[in-house]
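Here the structure comes first, spelled out in structure tokens, and everything after it is commentary.
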Amino acid sequence: MTALNTPRVGGAMLSAETRHRLARAAKWHPGSRQVPVSRLLLGGQNGTTGHQFAAALGDPMWPSRPVVDGPHAEVLARGSERTDQQILSSSYGRMAMTCIRHTGRYFSATDEAGVVEQAREFLARAAGEQTEVPTGDHHSPPGLPVLVVPIADSDCFQVLDGHHRIALAAAAGMTTMPVRVRRGRVTTPLQDLLRRMSWLKGGQELYQPIDAPELEALWPTVRCCADRLEAMETFLRHQLPELSGTYLDVASCYGWFVHQMGNLGFEAEGIEQDSLGATVGRLVYGQDPDRIRIGDAAWILRGTQERWDVVSCFSLLHHFVLGRGSCEPAELVRLLDRATGRVLFLDTGQEHEKWFRTSLRGWNPEHIRNFLLENSTFDAVLDLGPDRDAVGPYAENYGRHLFACVRDDGAGAG
């Protein structure tokens, strides 16, 4: 009796061998394609997936790193004169030992001595020595193409097999490489984390700059941020004897401004409602998550008597004007006023923006300036001009003016 589920072609049953051969063929796009080496990102090791190995390594950014910046390339760049201990303490050694701890082996290596042997064989190949390329134990036979899978919403690929070959090719000066592409797509942990942030609602936009190759092509950066930072720095250099003191960014998102102001010399902190913002900042900027206070901005400001020399609050006020905040907009301004020792930098949605032409009617630069003066103790509110974000898909939005709210004597509000 013929099984009902046995596939047929033209009325003839397919053998198990044929079915498996067809399944393997359907799994891969036919032929090979040339891909820039810079677009090939680190993937799983020793049969693990990229996500699995990133978790084992404790490094969610592993699959966001080009192979040419990874351990395979790093061990080549350091050369063969390294001691055994230097190899083991390198990123290559740590990668290999992580594989051994989680899968039992790294290729044929099962201990530190095997890792050193594997590394030195790799270095010998790079030096042009005639070495026998091992097969088995996850070693690919000579002549097989590098295997990759596309990364979703990106022009990058995650490497499934061939990290060593890519590193060798890059070291030899190759800028592109033939690869065989698996059907389907994968995501990176960074992409998954960003999509979970509340304000994105599963979309693919960046609210502050993030330097990650899989985000470059199809994840637009909504706010360039550098324009406002430049305006803030220029203004502060005329107001303060030196760039130092305390800084707070209210609604800090990933913490880009916290990180940048820290680099300028400030003791920088942030307030962010979404706890994932601090996680992203730790991964992409190396930002200490303890520098970010998690919770509603008005609630946190209301519950503290602290003052910061410089405070910034970007694109938050209009949410309170639209009734989405936890207090009236005037109270938010008063809370910001109380928290500011010298200068408050603020921008907010304006009526000229397409998405606010009705809901924020009347909220133009003059009105915003007067609103800030009427609801604070600042001596002056200066208009530093519009941002440069009204471009591309956002050409009819943004262009929000940055205001500097200052005190003549630098004293905090009472």
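Ordering of the structure tokens sets the chain letters (A, B, ...); residue numbers start at 1 within each chain; ligands are numbered from 1 in the order shown.
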Problem - Backbone-only DSSP, alpha helix (DSSP H) members of range 206-245 of chain A, as a PyMOL selection string - result: chain A and resi 226-239
Exercise for the section: Skip range 145-158 of chain A itself and residues of its chain fewer than 6 positions away, then list as a count of residues only all residues within 6 Å of it, counting only C-alpha atoms. Expected result: 15
Exercise for the section: Would you list the contacts of Phe122 in chain A as a VMD selection string, taking every protein, DNA or RNA residue within 10 Å and counting only C-alpha atoms, but skipping same-chain residues closer than 5 positions in sequence? Expected result: chain A and resid 72 75 to 76 80 116 to 117 127 129 131 133 164 to 165 168
Exercise for the section: Go ahead and compute the interatomic distance for CA of Asp389 in chain A and CA of Arg237 in chain A, in Å to one decimal. Expected result: 24.1 Å
Practice task
May I ask which of the residues A:Gly47, A:Pro60, A:Gly392, A:Gly79 is the closest one to Phe107 in chain A, counting only C-alpha atoms?
Solution key: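 Ranking A:Gly47, A:Pro60, A:Gly392, A:Gly79 by distance to Phe107 in chain A, first place goes to A:Gly47.
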Practice task
Find the residues near range 304-309 of chain A: any atom within 12 Å, counting only C-alpha atoms, skip ones fewer than 2 places away on the same chain, and give them as number ranges by chain.
Solution key: A: 236, 239-240, 243-250, 266-270, 293, 297-302, 311-312, 335-345, 405-407, 410-414
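One distance worth recording is that between CA of Trp28 in chain A and CA of Asp69 in chain A, which is 26.8 Å.
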Exercise for the section: Run DSSP on the backbone and grab whatever in range 171-276 of chain A lands in strand (DSSP E or B); send it over as a ChimeraX atom specification. Expected result: /A:176-182,186,206,221,245-250,266-272
Exercise for the section: Determine, counting only C-alpha atoms, which protein, DNA and RNA residues have an atom within 12 Å of an atom of Gly202 in chain A; residues of the same chain fewer than 6 positions away are not included. Present the result as a PyMOL selection string. Expected result: chain A and resi 191-196
Convert the current residue selection to file output with C-alpha atoms, as a compact mmCIF listing (two decimals), in the first residue's frame.
```txt
# COMPACT_ATOMS: atom_id res chain seq x y z
CA GLN A 191 17.52 44.24 15.77
CA ASP A 192 15.28 42.18 18.04
CA LEU A 193 16.03 44.43 21.01
CA LEU A 194 15.33 47.63 19.07
CA ARG A 195 12.00 46.30 17.80
CA ARG A 196 10.96 45.61 21.37
```
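By chain and then residue number, the residues within 9 Å of Ala170 in chain A are Val37, Val68, Ala73, Arg165, Thr175 and Thr176 of chain A, counting only C-alpha atoms and disregarding those fewer than 5 positions away in sequence.
For range 50-59 of chain A, the set of protein, DNA and RNA residues having any atom at most 9 Å away, when counting only C-alpha atoms and skipping those fewer than 6 positions along the same chain, is Leu42, Gly43, Gly44, Arg94, Met95, Thr98, Cys99, Arg101, His102, Gln158, Val159, Leu160, Val186, Thr187, Thr188, Pro189 and Leu283 of chain A.
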Keeping only all heavy atoms, take the residues you just selected and write them out as a short mmCIF file (atom, residue, chain, number, x, y, z; two decimals), in the first residue's frame.
```cif
data_model
loop_
_atom_site.label_atom_id
_atom_site.label_comp_id
_atom_site.auth_asym_id
_atom_site.auth_seq_id
_atom_site.Cartn_x
_atom_site.Cartn_y
_atom_site.Cartn_z
N LEU A 42 29.57 38.08 11.64
CA LEU A 42 29.83 36.87 12.42
C LEU A 42 28.55 36.08 12.67
O LEU A 42 27.50 36.66 12.95
CB LEU A 42 30.46 37.24 13.76
CG LEU A 42 31.86 37.85 13.72
CD1 LEU A 42 32.23 38.41 15.08
CD2 LEU A 42 32.90 36.83 13.25
N GLY A 43 28.67 34.77 12.58
CA GLY A 43 27.54 33.89 12.84
C GLY A 43 27.88 32.87 13.89
O GLY A 43 28.85 33.01 14.65
N GLY A 44 27.09 31.81 13.96
CA GLY A 44 27.31 30.77 14.94
C GLY A 44 28.60 30.01 14.71
O GLY A 44 29.17 30.02 13.62
N ARG A 94 39.25 33.09 23.34
CA ARG A 94 38.01 33.13 24.13
C ARG A 94 36.86 32.54 23.35
O ARG A 94 36.02 31.82 23.91
CB ARG A 94 37.71 34.57 24.55
CG ARG A 94 38.74 35.15 25.53
CD ARG A 94 38.22 36.43 26.16
NE ARG A 94 37.96 37.47 25.17
CZ ARG A 94 38.87 38.34 24.74
NH1 ARG A 94 40.12 38.27 25.20
NH2 ARG A 94 38.55 39.27 23.85
N MET A 95 36.78 32.84 22.05
CA MET A 95 35.74 32.27 21.20
C MET A 95 35.83 30.75 21.19
O MET A 95 34.83 30.04 21.37
CB MET A 95 35.86 32.81 19.78
CG MET A 95 34.97 32.14 18.77
SD MET A 95 35.39 32.61 17.06
CE MET A 95 37.00 31.81 16.88
N THR A 98 34.90 29.15 24.49
CA THR A 98 33.45 29.20 24.68
C THR A 98 32.78 28.06 23.93
O THR A 98 31.86 27.41 24.45
CB THR A 98 32.89 30.55 24.20
OG1 THR A 98 33.46 31.60 24.97
CG2 THR A 98 31.37 30.60 24.34
N CYS A 99 33.23 27.79 22.71
CA CYS A 99 32.70 26.66 21.94
C CYS A 99 32.90 25.35 22.69
O CYS A 99 32.00 24.51 22.76
CB CYS A 99 33.38 26.58 20.57
SG CYS A 99 32.67 27.66 19.33
N ARG A 101 33.30 24.85 25.90
CA ARG A 101 32.46 24.76 27.10
C ARG A 101 31.02 24.45 26.76
O ARG A 101 30.33 23.75 27.51
CB ARG A 101 32.53 26.08 27.88
CG ARG A 101 33.83 26.29 28.63
CD ARG A 101 33.72 27.44 29.63
NE ARG A 101 33.42 28.71 28.97
CZ ARG A 101 34.35 29.53 28.51
NH1 ARG A 101 35.64 29.20 28.59
NH2 ARG A 101 34.02 30.66 27.93
N HIS A 102 30.53 24.95 25.62
CA HIS A 102 29.10 24.82 25.31
C HIS A 102 28.79 23.69 24.33
O HIS A 102 27.64 23.23 24.29
CB HIS A 102 28.56 26.16 24.78
CG HIS A 102 28.43 27.20 25.84
ND1 HIS A 102 27.28 27.37 26.57
CD2 HIS A 102 29.32 28.11 26.31
CE1 HIS A 102 27.45 28.35 27.45
NE2 HIS A 102 28.68 28.82 27.31
N GLN A 158 24.69 36.91 7.49
CA GLN A 158 25.31 36.21 8.61
C GLN A 158 26.01 34.97 8.07
O GLN A 158 25.44 34.22 7.28
CB GLN A 158 24.25 35.82 9.64
CG GLN A 158 24.84 35.23 10.91
CD GLN A 158 23.77 34.98 11.96
OE1 GLN A 158 23.39 33.83 12.20
NE2 GLN A 158 23.27 36.04 12.58
N VAL A 159 27.24 34.78 8.50
CA VAL A 159 28.04 33.66 8.01
C VAL A 159 27.63 32.38 8.73
O VAL A 159 27.61 32.33 9.97
CB VAL A 159 29.54 33.93 8.20
CG1 VAL A 159 30.36 32.73 7.76
CG2 VAL A 159 29.95 35.17 7.41
N LEU A 160 27.31 31.36 7.95
CA LEU A 160 26.99 30.05 8.50
C LEU A 160 28.22 29.15 8.53
O LEU A 160 28.37 28.32 9.43
CB LEU A 160 25.89 29.38 7.66
CG LEU A 160 24.58 30.17 7.54
CD1 LEU A 160 23.65 29.48 6.55
CD2 LEU A 160 23.91 30.30 8.91
N VAL A 186 17.48 35.79 8.77
CA VAL A 186 17.64 35.78 10.21
C VAL A 186 17.68 37.22 10.70
O VAL A 186 17.83 38.15 9.92
CB VAL A 186 18.93 35.03 10.64
CG1 VAL A 186 18.88 33.58 10.22
CG2 VAL A 186 20.17 35.72 10.06
N THR A 187 17.54 37.40 11.99
CA THR A 187 17.69 38.71 12.61
C THR A 187 18.89 38.66 13.56
O THR A 187 19.39 37.59 13.88
CB THR A 187 16.44 39.11 13.40
OG1 THR A 187 16.20 38.12 14.42
CG2 THR A 187 15.22 39.19 12.48
N THR A 188 19.31 39.84 13.99
CA THR A 188 20.37 39.90 15.00
C THR A 188 19.74 40.24 16.35
O THR A 188 18.65 40.83 16.40
CB THR A 188 21.43 40.95 14.65
OG1 THR A 188 20.83 42.26 14.72
CG2 THR A 188 21.99 40.71 13.25
N PRO A 189 20.41 39.92 17.45
CA PRO A 189 19.88 40.30 18.77
C PRO A 189 19.65 41.80 18.89
O PRO A 189 18.69 42.23 19.54
CB PRO A 189 20.96 39.81 19.74
CG PRO A 189 21.60 38.66 19.03
CD PRO A 189 21.61 39.05 17.58
N LEU A 283 25.03 48.37 25.16
CA LEU A 283 25.57 47.56 24.07
C LEU A 283 26.25 48.40 23.00
O LEU A 283 27.32 48.05 22.51
CB LEU A 283 24.46 46.72 23.44
CG LEU A 283 23.83 45.64 24.32
CD1 LEU A 283 22.69 44.97 23.59
CD2 LEU A 283 24.86 44.62 24.76
#
```
Problem - Length of the CA of Trp256 in chain A to CA of Ser64 in chain A vector [Å] - result: 18.6 Å
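Nearest to Phe403 in chain A of all the residues A:Ile368, A:Ala172, A:Val391, A:Val280 is A:Ile368, counting only C-alpha atoms.
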